[in-house]
Amino acid sequence: GINATYGYSLQPNTTLNAGLGYTNSHVPAELTEGGAEDTDHYTASLGVNHQFGAELSGSLILRHVKQDSNLPASSYDENSITASATMTF
């Protein structure tokens with residue numbers, strides 16, 4: 001597979017991050033019940049991280065995943081939003 005990420009500082013305490021990924025896999029028929037499987041897995045994400053203070057940071061990440069397979073039951077699209085906060089003591 002291949003992955004690329006890029007980070008850009010918007011302000012001293014705020015960073016914008018972007019990522020793209022691609023993976024191709026092949027599973028031989030001998031290892032599956034449904035026959036050989038060829039899968040392309042794509043990911044794209046965009047996120048922002050912010051340091052609110054010495055002990056508190058947060059992030060918001062938007063992500064899209066697309067999986068294409070020759071086996072229809074294994075193909076899907078997924079969108080997600082993840083928000084997190086981290087406090088250190």
# chains A, B, ... in the order shown; residues from 1 in each chain; ligands from 1
>>> residues_around(residues="A:Glu37", least_positions_apart="2", cutoff="8 Å", atoms="only C-alpha atoms", output="PyMOL selection string")
chain A and resi 25-29+32+34-35+39+69-71
>>> select_by_dssp(residues="chain A", states="strand (DSSP E or B)", output="ChimeraX atom specification")
/A:2-11,14-27,37-51,56-69,76-87
>>> residues_around(residues="A:His50", least_positions_apart="3", cutoff="12 Å", atoms="only C-alpha atoms", output="list of chain:residue names")
A:Ser9, A:Leu10, A:Gln11, A:Pro12, A:Asn13, A:Thr14, A:Thr15, A:Leu16, A:Asn17, A:Gly47, A:Gly53, A:Ala54, A:Glu55, A:Leu56, A:Ser57, A:Gly58, A:Ser59, A:Leu60, A:Ile61, A:Ala83, A:Ser84, A:Ala85, A:Thr86
>>> closest_residue(among="A:Val65, A:Leu46, A:Ala4, A:Ala73", to="A:Ala18", atoms="only C-alpha atoms")
A:Leu46
>>> closest_residue(among="A:Tyr22, A:Thr43, A:Leu31, A:Tyr8", to="A:Lys66", atoms="only C-alpha atoms")
A:Thr43
>>> closest_residue(among="A:Gly7, A:Asp38, A:Ser45, A:Ser74", to="A:Leu20", atoms="only C-alpha atoms")
A:Ser45
>>> atom_distance(atom1="atom CA of A:Thr82", atom2="atom CA of A:Asn24")
25.5 Å
>>> select_by_dssp(residues="chain A", states="helix (DSSP H, G or I)", output="ChimeraX atom specification")
/A:29-31,72-74
>>> decode(residues="stretch 64-86 of chain A", atoms="N, CA, C and O atoms", output="mmCIF file, in the first residue's frame")
data_model
loop_
_atom_site.group_PDB
_atom_site.id
_atom_site.type_symbol
_atom_site.label_atom_id
_atom_site.label_comp_id
_atom_site.auth_asym_id
_atom_site.auth_seq_id
_atom_site.Cartn_x
_atom_site.Cartn_y
_atom_site.Cartn_z
ATOM 1 N N HIS A 64 -13.063 9.426 5.124
ATOM 2 C CA HIS A 64 -13.852 8.648 4.176
ATOM 3 C C HIS A 64 -13.051 7.405 3.802
ATOM 4 O O HIS A 64 -11.852 7.489 3.522
ATOM 5 N N VAL A 65 -13.713 6.254 3.814
ATOM 6 C CA VAL A 65 -13.091 4.983 3.422
ATOM 7 C C VAL A 65 -13.963 4.364 2.333
ATOM 8 O O VAL A 65 -15.191 4.343 2.452
ATOM 9 N N LYS A 66 -13.324 3.879 1.293
ATOM 10 C CA LYS A 66 -14.033 3.165 0.219
ATOM 11 C C LYS A 66 -13.288 1.867 -0.030
ATOM 12 O O LYS A 66 -12.069 1.864 -0.211
ATOM 13 N N GLN A 67 -14.027 0.771 -0.003
ATOM 14 C CA GLN A 67 -13.434 -0.528 -0.303
ATOM 15 C C GLN A 67 -14.187 -1.135 -1.476
ATOM 16 O O GLN A 67 -15.400 -1.306 -1.421
ATOM 17 N N ASP A 68 -13.448 -1.427 -2.539
ATOM 18 C CA ASP A 68 -14.003 -2.094 -3.721
ATOM 19 C C ASP A 68 -13.464 -3.513 -3.757
ATOM 20 O O ASP A 68 -12.264 -3.729 -3.615
ATOM 21 N N SER A 69 -14.361 -4.469 -3.954
ATOM 22 C CA SER A 69 -13.971 -5.874 -3.985
ATOM 23 C C SER A 69 -14.727 -6.579 -5.098
ATOM 24 O O SER A 69 -15.837 -6.184 -5.464
ATOM 25 N N ASN A 70 -14.117 -7.633 -5.620
ATOM 26 C CA ASN A 70 -14.827 -8.456 -6.597
ATOM 27 C C ASN A 70 -15.928 -9.277 -5.921
ATOM 28 O O ASN A 70 -16.796 -9.813 -6.595
ATOM 29 N N LEU A 71 -15.922 -9.364 -4.589
ATOM 30 C CA LEU A 71 -17.000 -10.003 -3.833
ATOM 31 C C LEU A 71 -17.913 -8.891 -3.312
ATOM 32 O O LEU A 71 -17.517 -8.114 -2.438
ATOM 33 N N PRO A 72 -19.112 -8.752 -3.850
ATOM 34 C CA PRO A 72 -19.982 -7.622 -3.509
ATOM 35 C C PRO A 72 -20.202 -7.409 -2.010
ATOM 36 O O PRO A 72 -20.306 -6.277 -1.553
ATOM 37 N N ALA A 73 -20.266 -8.467 -1.238
ATOM 38 C CA ALA A 73 -20.507 -8.324 0.201
ATOM 39 C C ALA A 73 -19.332 -7.671 0.923
ATOM 40 O O ALA A 73 -19.477 -7.220 2.061
ATOM 41 N N SER A 74 -18.175 -7.606 0.281
ATOM 42 C CA SER A 74 -16.991 -7.011 0.915
ATOM 43 C C SER A 74 -16.763 -5.563 0.509
ATOM 44 O O SER A 74 -15.837 -4.927 0.998
ATOM 45 N N SER A 75 -17.574 -5.021 -0.386
ATOM 46 C CA SER A 75 -17.440 -3.621 -0.809
ATOM 47 C C SER A 75 -18.266 -2.726 0.109
ATOM 48 O O SER A 75 -19.368 -3.091 0.517
ATOM 49 N N TYR A 76 -17.724 -1.557 0.439
ATOM 50 C CA TYR A 76 -18.460 -0.615 1.276
ATOM 51 C C TYR A 76 -17.876 0.783 1.162
ATOM 52 O O TYR A 76 -16.758 0.978 0.701
ATOM 53 N N ASP A 77 -18.661 1.762 1.581
ATOM 54 C CA ASP A 77 -18.244 3.150 1.762
ATOM 55 C C ASP A 77 -18.524 3.518 3.208
ATOM 56 O O ASP A 77 -19.547 3.126 3.772
ATOM 57 N N GLU A 78 -17.612 4.278 3.810
ATOM 58 C CA GLU A 78 -17.779 4.676 5.208
ATOM 59 C C GLU A 78 -17.349 6.123 5.363
ATOM 60 O O GLU A 78 -16.296 6.513 4.867
ATOM 61 N N ASN A 79 -18.168 6.908 6.037
ATOM 62 C CA ASN A 79 -17.817 8.275 6.410
ATOM 63 C C ASN A 79 -17.827 8.359 7.924
ATOM 64 O O ASN A 79 -18.705 7.781 8.572
ATOM 65 N N SER A 80 -16.853 9.068 8.486
ATOM 66 C CA SER A 80 -16.836 9.200 9.940
ATOM 67 C C SER A 80 -16.320 10.572 10.352
ATOM 68 O O SER A 80 -15.574 11.215 9.624
ATOM 69 N N ILE A 81 -16.768 10.981 11.518
ATOM 70 C CA ILE A 81 -16.279 12.190 12.172
ATOM 71 C C ILE A 81 -15.867 11.770 13.570
ATOM 72 O O ILE A 81 -16.636 11.147 14.300
ATOM 73 N N THR A 82 -14.635 12.091 13.933
ATOM 74 C CA THR A 82 -14.128 11.748 15.259
ATOM 75 C C THR A 82 -13.664 13.022 15.959
ATOM 76 O O THR A 82 -12.866 13.780 15.402
ATOM 77 N N ALA A 83 -14.167 13.247 17.150
ATOM 78 C CA ALA A 83 -13.737 14.369 17.977
ATOM 79 C C ALA A 83 -13.104 13.796 19.243
ATOM 80 O O ALA A 83 -13.609 12.818 19.800
ATOM 81 N N SER A 84 -12.000 14.368 19.639
ATOM 82 C CA SER A 84 -11.362 13.893 20.868
ATOM 83 C C SER A 84 -10.746 15.055 21.634
ATOM 84 O O SER A 84 -10.397 16.084 21.064
ATOM 85 N N ALA A 85 -10.648 14.854 22.923
ATOM 86 C CA ALA A 85 -9.979 15.806 23.806
ATOM 87 C C ALA A 85 -9.043 15.023 24.706
ATOM 88 O O ALA A 85 -9.374 13.908 25.137
ATOM 89 N N THR A 86 -7.878 15.575 24.936
ATOM 90 C CA THR A 86 -6.884 14.922 25.789
ATOM 91 C C THR A 86 -6.426 15.894 26.860
ATOM 92 O O THR A 86 -6.029 17.035 26.557
#
